[in-house]
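Reviewing the structure listed below.
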Amino acid sequence: MTTIKELRVLPPLAIGRLGAATEPMDNYTCEVDPEQPLAPRRLRPAPTFRVDPDSGAITGADTPDELRFTDGNGRVRPVAPFLEVWALTSDDVLQPLTLDLLSANDLTPDAVRWRVEVGNHKIQRRTYDDLDKIDADTGWFSDHAPHALMGRCPHFLDDRFLPLGHARYVKPTPEFPGIRLRFTPAAGYVYGSRRPTDDIEDDPNVVDYLYDAAKGTWRGHADRAGDPRLTIPANIYAGDDGPKGTWVSRGYLDDECDGLVRVQLEVGGQELTAFGRIGAGPPAYAPDSIPIRTIADELDQALHGPSASDQDTLEHARDVAEEVLRRATETVRLMNTEVMNGNTVDGRVDAASTMVRQDTADTGRLYEPIVAPSLVDSAAVLALHQNVLAALRSGTAPWFADVLRDHDEVGDLTAKGRRKMPALMRGADGRHLALTRRQVELVRLAARQEIFRQDDESGETR
Amino acid sequence: MRSRVHRHLASVVPELFEDHTPVMSALSVAGSLGAEEQRPVLPPEFNWRDYTIMLLHVAAEIEHSLMVQYLFAAYSMGGPQVPDELREDVRGWQEVILGIAKEEMGHLVTVQNLLTALGGPMNLDREDYPWGSDFYPFAFNLRPLSAKSLATYVVAESPETWSGPEADAIKAVAAETAGHYVNRVGALYGRVDAILKNRDFLPDEAFHEDTLPYQASWDEWGRGYARGERGQEAGNVPDVKSPELLVFGVFSRDSARKALHEIGEQGEAPDLDEQDETSHFNRFLGIYRALTELPPDQQALVARPIAQNPVTAHRLNESTAVGYASVEVTTSPITDPVTALWAHLFNLRYRMLLTDVAHAFRLAGPMDNGGVLTGRGALVHRAFAEMYNLRAVAGRLVELPLEKDVPGGQSAGPPFEMPYSLELPHHDHDCWLLQRDLVQASRLLVEQLSEADPSYAQDPYLIALRESDRRALDQIEHILGRKGCTR
């Protein structure tokens with residue numbers, strides 16, 4: 001049972017985080033403190049691979065004593081995920097691809113070939129000019145050196161590229177024999193646009209100029225009102241007020257990206273391939289909090305469908321209800337609820353970009369705070385959420401299912417509709433945020449069934 | 001009802017005093033309630049404004065009492081003994097009754113607004129039980145849900161015109177359960193309205209619109225519930241519509257009358273329209289019909305086996321019976337020491353809820369869209385938090401034994417015992433001292449629970465409650481340190 005039949009890259013989706021520090025972020029877990037269940041989650045150091053910068057081999061997997069998110073000089077440590085190759089050796093056995101398994105198939109580590117292709121199409125998404133796409137491709141490699149992800153674009157200044165980080169085939173050793181690749185994202189810099197002939201003053205926001213404003217239209221671009229392809233809301237790029245109410249791009253670009261990690265291995269004359277997805281996002285500045293709706297929730301819904309099913313136990317539904325509440329509490333802690341509610345703050349009306357402003361801008365609705373202005377003192381809102389969480393931990397059925405916003409209520413601009421939970425936040429469709437349908441369904445399942453429970457039968461199914 | 005209120009009731013419920021001395025019956029000139037055309041008569045010791053305020057105090061107590069009894073009934077429902085095939089119905093009925101209780105809270109708060117607009121003191125008090133009141137629709141009685149207790153609720157909320165064989169049958173069950181019934185709530189509001197609408201009794205300037213910032217608003221208290229659109233929206237349970245919380249600000253004679261009219265209407269179905277599911281009467285009647293269609297052995301499985309009128313241990317081993325009409329109301333002392341601690345915790349959090357509501361009425365809401373926030377919002381949130389705590393602790397009490405070492409015995413339930421006083425101190429600073437006292441008392445009880453049963457040291461709710469109390473204390477100390485309300 002050692003013949004490699006198929007390959008997999010695990011995890012199939014890995015998200016890195018930008019950072020300019022040399023040493024990537026240490027590994028940690030994020031868990032509820034049993035003694036302080038209403039507090040933010042507790043971060044605890046976990047075993048962390050150390051990769052030797054010269055050889056590319058893992059030299060240790062110790063647990064650090066403490067966690068530091070910067071290098072001490074203000075540079076953020078990037079989150080650099082590992083992608084492992086696993087092998088299907090029979091129909092029901094998936095095992096890590098290791099030196100031993102390669103050897104059993106008469107292969108060596110240099111038989112494994114990698115290729116990483118990533119892109120940053122943010123400018124193209126605005127200008128709809130394919131020559132504004134920024135792409136990087138390492139080509140196939142089997143060595144253990146870092147391979148820079150050089151984002152190239154036809155509209156860049158001559159010989160310039162956007163550094164998108166690097167990928168490295170970690171050198172397997174007898175101590176750490178697994179076959180893995182590490183993706184280290186870019187530094188998290190902002191770059192600018194200029195014409196070759198420009199004599200530009202230093203812009204403190206940018207570290208360098210990459211985009212040729214003579215070739216492409218990104219600097220000076222303005223979203224055209226009424227274009228059905230626009231994001232909702234539109235104009236979400238760094239810019240300045242232009243003529244006729246337009247929002248004119250400064251021509252900035254960032255170094256986020258996403259793409260594919262491909263692996264290839266020829267076994268017994270047959271070429272096996274697999275791929276995983278990678279992406280790089282901004283650093284986590286509240287790593288002890290989880291947003292109330294995440295990609296994991298979307299995937300859960302994609303896997304299991306929008307409804308609760310017979311497979312969903314009451315216990316699971318309860319856990320989901322508590323998790324929703326906990327994340328809501330963590331989110332409230334990060335919000336300036338007075339501003340986000342549209343209150344007049346320090347004499348300022350419409351003090352920031354909020355759902356209140358957006359409701360008015362999109363539909364001409366009366367500019368009106370979402371909940372009663374007296375209620376949104378941040379500390380009081382946080383205390384309320386903590387109390388709801390506390391009560392939920394008593395085993396009480398969740399009673400807040402009826403204040404959750406349904407997926408088809410995101411455009412309900414009545415006072416009641418705007419006050420549904422989650423409140424004051426925008427969803428991906430530009431309207432008020434709703435939980436996934438599955439999250440809502442599971443909270444409702446717990447709400448319906450909980451009262452029939454006794455402590456000893458909590459695992460009962462629907 | 002306290003005798004100090006009762007002695008004034010001849011003007012509203014003259015039939016109570018027919019057998020009394022000629023002096024008392026002489027006061028019964030107003031005729032029976034409900035005869036709206038009859039001109040109200042001012043009893044001795046009052047002028048019209050003060051008399052109106054006294055009647056509204058009585059109304060507040062009635063709304064408060066109804067709310068508590070409905071909550072008790074709703075909390076009693078459920079448990080592992082409910083057969084699978086009944087669970088959806090039972091959960092639906094519970095949601096309906098909880099919804100009605102929430103609507104009663106809206107009535108209670110609206111009556112406070114009326115009092116505030118008239119410049120009267122608010123009233124969150126009510127008589128402790130057992131309470132045999134001459135004015136009350138039926139004896140105040142905390143009972144698990146059954147066809148009998150439901151019958152009393154149906155009758156209590158029924159319109160005057162309700163009649164026919166079904167009405168007679170349900171009234172008979174209610175009378176057997178709770179004694180003779182007269183719906184005096186609606187009639188009481190009728191009497192108040194007869195005063196409100198008459199400029200000779202109350203001049204326009206009796207209604208103080210400048211109290212609006214102090215009154216409760218639907219925006220603050222309505223939460224996710226519907227305003228004037230019940231039936232539009234699914235609630236926690238499929239097919240059960242979310243409640244319609246009526247909270248009206250009062251700033252004029254007209255708004256005062258509208259507020260009274262609306263809350264009166266939400267109770268009774270005014271036109272006896274059976275298709276209209278909005279009234280409490282029709283909703284209770286719907287449950288009654290569905291429940292009584294079940295065989296008696298199944299009916300008995302709908303609620304947990306919990307005691308009537310559970311009371312805390314200060315009257316240990318003593319069962320108090322109070323006669324009301326033909327019915328005796330009996331209390332059930334909680335003699336299990338651990339259960340008793342939970343019951344004390346419940347009473348304390350109930351007191352905290354009432355204190356938060358009263359305290360919130362002391363502080364004005366912001367006059368513009370925010371501007372400067374007072375502690376009012378925090379107090380409203382604390383009040384809601386206590387409702388959640390009450391629900392959580394009630395959930396425990398319905399599972400805990402009433403008596404120690406009685407296998408298969410009854411469970412306790414939420415006692416809803418009133419505090420010695422609901423008076424707030426004069427100065428706001430001292431109100432916050434009271435708030436601190438209550439939180440500290442809660443911490444003591446949580447500690448005692450952990451000592452009484454070591455397993456509670458790991459209890460997720462008690463750990464969380466302890467932490468939330470600690471955070472509340474931090475906030476209160478912040479306010480007492482004159483650093484502003486919650487910042």
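Going by the structure tokens order, chains are called A, B, ..., each with residues numbered from 1, while ligands are numbered from 1 in the order shown.
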For chain B, which residues have at least one atom within 7 Å of chain A, if we go by only C-alpha atoms? Write them as a PyMOL selection string, please. chain B and resi 78-80+91+219-220+224+235-237+365-366+369-371+373+376-378+381-382+385+388-389+392+395+460-461+463-465+467-468+486-487
Output the selection as an mmCIF file, in the first residue's frame - N, CA and C atoms for each residue.
```cif
data_model
loop_
_atom_site.group_PDB
_atom_site.id
_atom_site.type_symbol
_atom_site.label_atom_id
_atom_site.label_comp_id
_atom_site.auth_asym_id
_atom_site.auth_seq_id
_atom_site.Cartn_x
_atom_site.Cartn_y
_atom_site.Cartn_z
ATOM 1 N N GLY B 78 -42.102 22.783 28.149
ATOM 2 C CA GLY B 78 -40.934 22.081 27.642
ATOM 3 C C GLY B 78 -40.499 20.997 28.604
ATOM 4 N N GLY B 79 -39.289 20.509 28.406
ATOM 5 C CA GLY B 79 -38.792 19.410 29.216
ATOM 6 C C GLY B 79 -38.749 18.137 28.405
ATOM 7 N N PRO B 80 -37.916 17.219 28.877
ATOM 8 C CA PRO B 80 -37.723 15.993 28.087
ATOM 9 C C PRO B 80 -38.976 15.111 28.019
ATOM 10 N N ARG B 91 -43.354 24.243 21.493
ATOM 11 C CA ARG B 91 -42.422 25.350 21.326
ATOM 12 C C ARG B 91 -43.138 26.551 20.718
ATOM 13 N N ASP B 219 -38.174 53.104 20.045
ATOM 14 C CA ASP B 219 -36.835 52.951 19.468
ATOM 15 C C ASP B 219 -35.863 52.348 20.474
ATOM 16 N N GLU B 220 -36.065 52.672 21.740
ATOM 17 C CA GLU B 220 -35.151 52.141 22.757
ATOM 18 C C GLU B 220 -35.583 50.764 23.253
ATOM 19 N N GLY B 224 -35.932 44.252 18.182
ATOM 20 C CA GLY B 224 -36.266 43.799 16.828
ATOM 21 C C GLY B 224 -37.750 43.591 16.611
ATOM 22 N N GLY B 235 -41.065 34.754 13.694
ATOM 23 C CA GLY B 235 -40.262 34.943 14.886
ATOM 24 C C GLY B 235 -39.247 33.835 15.037
ATOM 25 N N ASN B 236 -39.021 33.451 16.295
ATOM 26 C CA ASN B 236 -38.043 32.413 16.584
ATOM 27 C C ASN B 236 -38.499 31.051 16.106
ATOM 28 N N VAL B 237 -39.787 30.894 15.963
ATOM 29 C CA VAL B 237 -40.376 29.601 15.638
ATOM 30 C C VAL B 237 -41.203 29.795 14.375
ATOM 31 N N GLY B 365 -32.975 61.026 27.490
ATOM 32 C CA GLY B 365 -32.285 60.592 26.287
ATOM 33 C C GLY B 365 -31.697 61.812 25.588
ATOM 34 N N PRO B 366 -30.815 61.592 24.603
ATOM 35 C CA PRO B 366 -30.206 62.723 23.905
ATOM 36 C C PRO B 366 -31.257 63.482 23.104
ATOM 37 N N ASN B 369 -29.487 63.840 17.510
ATOM 38 C CA ASN B 369 -29.096 62.486 17.124
ATOM 39 C C ASN B 369 -27.834 62.030 17.835
ATOM 40 N N GLY B 370 -27.852 62.036 19.119
ATOM 41 C CA GLY B 370 -26.664 61.570 19.830
ATOM 42 C C GLY B 370 -26.134 62.677 20.694
ATOM 43 N N GLY B 371 -25.310 63.524 20.138
ATOM 44 C CA GLY B 371 -24.772 64.619 20.926
ATOM 45 C C GLY B 371 -24.065 64.072 22.139
ATOM 46 N N LEU B 373 -24.273 61.591 25.303
ATOM 47 C CA LEU B 373 -25.014 60.442 25.819
ATOM 48 C C LEU B 373 -24.979 60.429 27.340
ATOM 49 N N ARG B 376 -28.449 56.608 30.312
ATOM 50 C CA ARG B 376 -29.764 56.027 30.021
ATOM 51 C C ARG B 376 -29.660 54.799 29.109
ATOM 52 N N GLY B 377 -28.877 54.926 28.047
ATOM 53 C CA GLY B 377 -28.758 53.802 27.118
ATOM 54 C C GLY B 377 -28.179 52.581 27.807
ATOM 55 N N ALA B 378 -27.168 52.829 28.644
ATOM 56 C CA ALA B 378 -26.558 51.708 29.368
ATOM 57 C C ALA B 378 -27.589 51.035 30.269
ATOM 58 N N HIS B 381 -29.958 48.901 28.240
ATOM 59 C CA HIS B 381 -29.288 47.643 27.895
ATOM 60 C C HIS B 381 -29.188 46.724 29.109
ATOM 61 N N ARG B 382 -28.908 47.312 30.263
ATOM 62 C CA ARG B 382 -28.819 46.477 31.472
ATOM 63 C C ARG B 382 -30.171 45.835 31.777
ATOM 64 N N ALA B 385 -30.460 43.001 29.557
ATOM 65 C CA ALA B 385 -29.552 41.947 30.010
ATOM 66 C C ALA B 385 -30.163 41.183 31.176
ATOM 67 N N TYR B 388 -32.571 38.626 30.081
ATOM 68 C CA TYR B 388 -31.900 37.407 29.629
ATOM 69 C C TYR B 388 -31.429 36.586 30.829
ATOM 70 N N ASN B 389 -30.940 37.282 31.849
ATOM 71 C CA ASN B 389 -30.526 36.565 33.055
ATOM 72 C C ASN B 389 -31.715 35.869 33.704
ATOM 73 N N ALA B 392 -32.417 32.831 31.901
ATOM 74 C CA ALA B 392 -31.407 31.805 32.147
ATOM 75 C C ALA B 392 -31.619 31.150 33.512
ATOM 76 N N GLY B 395 -34.616 29.032 33.657
ATOM 77 C CA GLY B 395 -34.346 27.751 32.996
ATOM 78 C C GLY B 395 -33.734 26.742 33.958
ATOM 79 N N PRO B 460 -20.739 26.879 33.351
ATOM 80 C CA PRO B 460 -20.442 27.935 32.363
ATOM 81 C C PRO B 460 -21.227 29.221 32.614
ATOM 82 N N TYR B 461 -22.481 29.086 33.022
ATOM 83 C CA TYR B 461 -23.277 30.297 33.217
ATOM 84 C C TYR B 461 -22.787 31.083 34.432
ATOM 85 N N ILE B 463 -19.874 31.097 35.822
ATOM 86 C CA ILE B 463 -18.571 31.711 35.528
ATOM 87 C C ILE B 463 -18.778 32.979 34.706
ATOM 88 N N ALA B 464 -19.653 32.876 33.707
ATOM 89 C CA ALA B 464 -19.891 34.040 32.846
ATOM 90 C C ALA B 464 -20.609 35.150 33.613
ATOM 91 N N LEU B 465 -21.543 34.763 34.480
ATOM 92 C CA LEU B 465 -22.273 35.771 35.253
ATOM 93 C C LEU B 465 -21.318 36.506 36.194
ATOM 94 N N GLU B 467 -18.216 36.976 35.734
ATOM 95 C CA GLU B 467 -17.390 37.890 34.941
ATOM 96 C C GLU B 467 -18.195 39.119 34.515
ATOM 97 N N SER B 468 -19.453 38.909 34.127
ATOM 98 C CA SER B 468 -20.232 40.070 33.682
ATOM 99 C C SER B 468 -20.517 40.986 34.870
ATOM 100 N N THR B 486 -20.229 55.930 31.002
ATOM 101 C CA THR B 486 -19.766 54.599 30.616
ATOM 102 C C THR B 486 -18.452 54.650 29.880
ATOM 103 N N ARG B 487 -18.026 55.813 29.527
ATOM 104 C CA ARG B 487 -16.804 55.875 28.750
ATOM 105 C C ARG B 487 -15.618 55.406 29.558
#
```
Leaving out stretch 343-355 of chain B and any residue of its chain fewer than 6 positions from it, which residues lie within 6 Å of it when counting only C-alpha atoms, given as a list in words? Ala383, Glu386, Phe416 and Glu417 of chain B
Output as a PyMOL selection string all residues of stretch 72-244 of chain B that backbone DSSP marks as alpha helix (DSSP H). chain B and resi 72-76+84-117+147-156+165-178+184-196+218-221
Expected file: the selected residues, C-alpha atoms, as an mmCIF file, in the first residue's frame:
```
data_model
loop_
_atom_site.group_PDB
_atom_site.id
_atom_site.type_symbol
_atom_site.label_atom_id
_atom_site.label_comp_id
_atom_site.auth_asym_id
_atom_site.auth_seq_id
_atom_site.Cartn_x
_atom_site.Cartn_y
_atom_site.Cartn_z
ATOM 1 C CA PHE B 72 -44.027 31.795 34.555
ATOM 2 C CA ALA B 73 -46.412 29.786 32.402
ATOM 3 C CA ALA B 74 -44.107 30.086 29.382
ATOM 4 C CA TYR B 75 -41.015 29.104 31.371
ATOM 5 C CA SER B 76 -42.830 26.024 32.663
ATOM 6 C CA ASP B 84 -41.715 14.186 19.980
ATOM 7 C CA GLU B 85 -44.920 14.697 18.060
ATOM 8 C CA LEU B 86 -45.953 17.556 20.357
ATOM 9 C CA ARG B 87 -42.664 19.411 20.466
ATOM 10 C CA GLU B 88 -43.220 21.716 17.558
ATOM 11 C CA ASP B 89 -46.600 22.732 18.925
ATOM 12 C CA VAL B 90 -45.324 23.206 22.457
ATOM 13 C CA ARG B 91 -42.422 25.350 21.326
ATOM 14 C CA GLY B 92 -44.827 27.368 19.211
ATOM 15 C CA TRP B 93 -47.225 27.875 22.129
ATOM 16 C CA GLN B 94 -44.376 28.895 24.367
ATOM 17 C CA GLU B 95 -43.305 31.477 21.827
ATOM 18 C CA VAL B 96 -46.839 32.833 21.624
ATOM 19 C CA ILE B 97 -47.106 33.213 25.395
ATOM 20 C CA LEU B 98 -43.643 34.748 25.666
ATOM 21 C CA GLY B 99 -44.715 37.163 22.955
ATOM 22 C CA ILE B 100 -47.801 38.131 24.916
ATOM 23 C CA ALA B 101 -45.678 38.645 28.033
ATOM 24 C CA LYS B 102 -43.378 40.921 26.050
ATOM 25 C CA GLU B 103 -46.389 42.873 24.856
ATOM 26 C CA GLU B 104 -47.549 43.224 28.452
ATOM 27 C CA MET B 105 -44.152 44.724 29.180
ATOM 28 C CA GLY B 106 -44.882 47.252 26.452
ATOM 29 C CA HIS B 107 -48.181 48.055 28.200
ATOM 30 C CA LEU B 108 -46.414 48.445 31.531
ATOM 31 C CA VAL B 109 -43.861 50.820 30.046
ATOM 32 C CA THR B 110 -46.532 52.818 28.226
ATOM 33 C CA VAL B 111 -48.428 53.280 31.487
ATOM 34 C CA GLN B 112 -45.173 54.628 32.975
ATOM 35 C CA ASN B 113 -45.031 57.088 30.094
ATOM 36 C CA LEU B 114 -48.572 58.218 30.869
ATOM 37 C CA LEU B 115 -47.609 58.702 34.483
ATOM 38 C CA THR B 116 -44.479 60.616 33.494
ATOM 39 C CA ALA B 117 -46.389 62.854 31.091
ATOM 40 C CA ALA B 147 -55.792 23.938 30.339
ATOM 41 C CA LYS B 148 -57.035 25.333 33.650
ATOM 42 C CA SER B 149 -54.508 28.136 33.907
ATOM 43 C CA LEU B 150 -54.955 28.886 30.207
ATOM 44 C CA ALA B 151 -58.690 29.222 30.763
ATOM 45 C CA THR B 152 -58.068 32.007 33.251
ATOM 46 C CA TYR B 153 -55.846 33.861 30.774
ATOM 47 C CA VAL B 154 -58.397 33.462 27.991
ATOM 48 C CA VAL B 155 -61.113 34.872 30.209
ATOM 49 C CA ALA B 156 -58.908 37.627 31.607
ATOM 50 C CA PRO B 165 -71.339 27.580 24.643
ATOM 51 C CA GLU B 166 -67.568 27.644 24.323
ATOM 52 C CA ALA B 167 -67.351 30.885 26.244
ATOM 53 C CA ASP B 168 -69.553 29.491 28.987
ATOM 54 C CA ALA B 169 -67.495 26.325 29.236
ATOM 55 C CA ILE B 170 -64.164 28.140 29.413
ATOM 56 C CA LYS B 171 -65.534 30.671 31.876
ATOM 57 C CA ALA B 172 -66.673 27.774 34.046
ATOM 58 C CA VAL B 173 -63.187 26.248 34.008
ATOM 59 C CA ALA B 174 -61.665 29.633 34.789
ATOM 60 C CA ALA B 175 -64.114 30.251 37.618
ATOM 61 C CA GLU B 176 -63.354 26.866 39.103
ATOM 62 C CA THR B 177 -59.642 27.611 38.838
ATOM 63 C CA ALA B 178 -59.499 31.207 39.878
ATOM 64 C CA ARG B 184 -61.630 45.085 35.089
ATOM 65 C CA VAL B 185 -58.502 45.928 33.126
ATOM 66 C CA GLY B 186 -60.256 47.105 30.018
ATOM 67 C CA ALA B 187 -62.899 48.757 32.132
ATOM 68 C CA LEU B 188 -60.274 50.490 34.213
ATOM 69 C CA TYR B 189 -58.758 51.951 31.059
ATOM 70 C CA GLY B 190 -62.255 52.999 30.043
ATOM 71 C CA ARG B 191 -62.594 54.922 33.274
ATOM 72 C CA VAL B 192 -59.210 56.583 32.851
ATOM 73 C CA ASP B 193 -60.152 57.531 29.315
ATOM 74 C CA ALA B 194 -63.393 59.064 30.501
ATOM 75 C CA ILE B 195 -61.309 61.376 32.652
ATOM 76 C CA LEU B 196 -58.614 62.029 30.057
ATOM 77 C CA TRP B 218 -40.206 52.248 21.032
ATOM 78 C CA ASP B 219 -36.835 52.951 19.468
ATOM 79 C CA GLU B 220 -35.151 52.141 22.757
ATOM 80 C CA TRP B 221 -37.379 49.333 24.002
#
```
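Those residues that approach A:Ser307 to within 7 Å, counting only C-alpha atoms, are Gly305, Ser309, Arg437, Arg438 and Glu441 of chain A; same-chain residues fewer than 2 positions away are not listed.
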May I have the residues from that selection written out with C-alpha atoms, as a compact mmCIF listing (two decimals), in the first residue's frame?
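Saved result, result-v6.txt, follows:
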```txt
# COMPACT_ATOMS: atom_id res chain seq x y z
CA GLY A 305 -26.22 23.64 1.98
CA SER A 309 -30.20 18.96 8.16
CA ARG A 437 -28.32 31.24 5.67
CA ARG A 438 -26.85 28.18 7.32
CA GLU A 441 -30.79 28.18 10.29
```
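With only C-alpha atoms as the atoms that count, the residue of B:Arg283, B:Phe248, B:Ile476, B:Phe201 with the shortest distance to B:Asp437 is B:Ile476.
Interatomic distance, atom CA of A:Asp199 against atom CA of A:Arg152: 23.7 Å.
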Could you pull out the strand (DSSP E or B) residues of stretch 262-348 of chain A, going by DSSP on the backbone, and write them as a PyMOL selection string? chain A and resi 262-267+270-281+313+344-345+348
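One distance worth recording is that between atom CA of B:Ala340 and atom CA of B:Leu434, which is 23.6 Å.
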What lies within 7 Å of A:Ile15 using only C-alpha atoms, ignoring chain neighbours under 3 positions off, as a VMD selection string? chain A and resid 278 to 280
Counting only C-alpha atoms, which of B:Asp336, B:Asp368, B:Glu244, B:Glu63 gets nearest to B:Pro310? B:Asp336
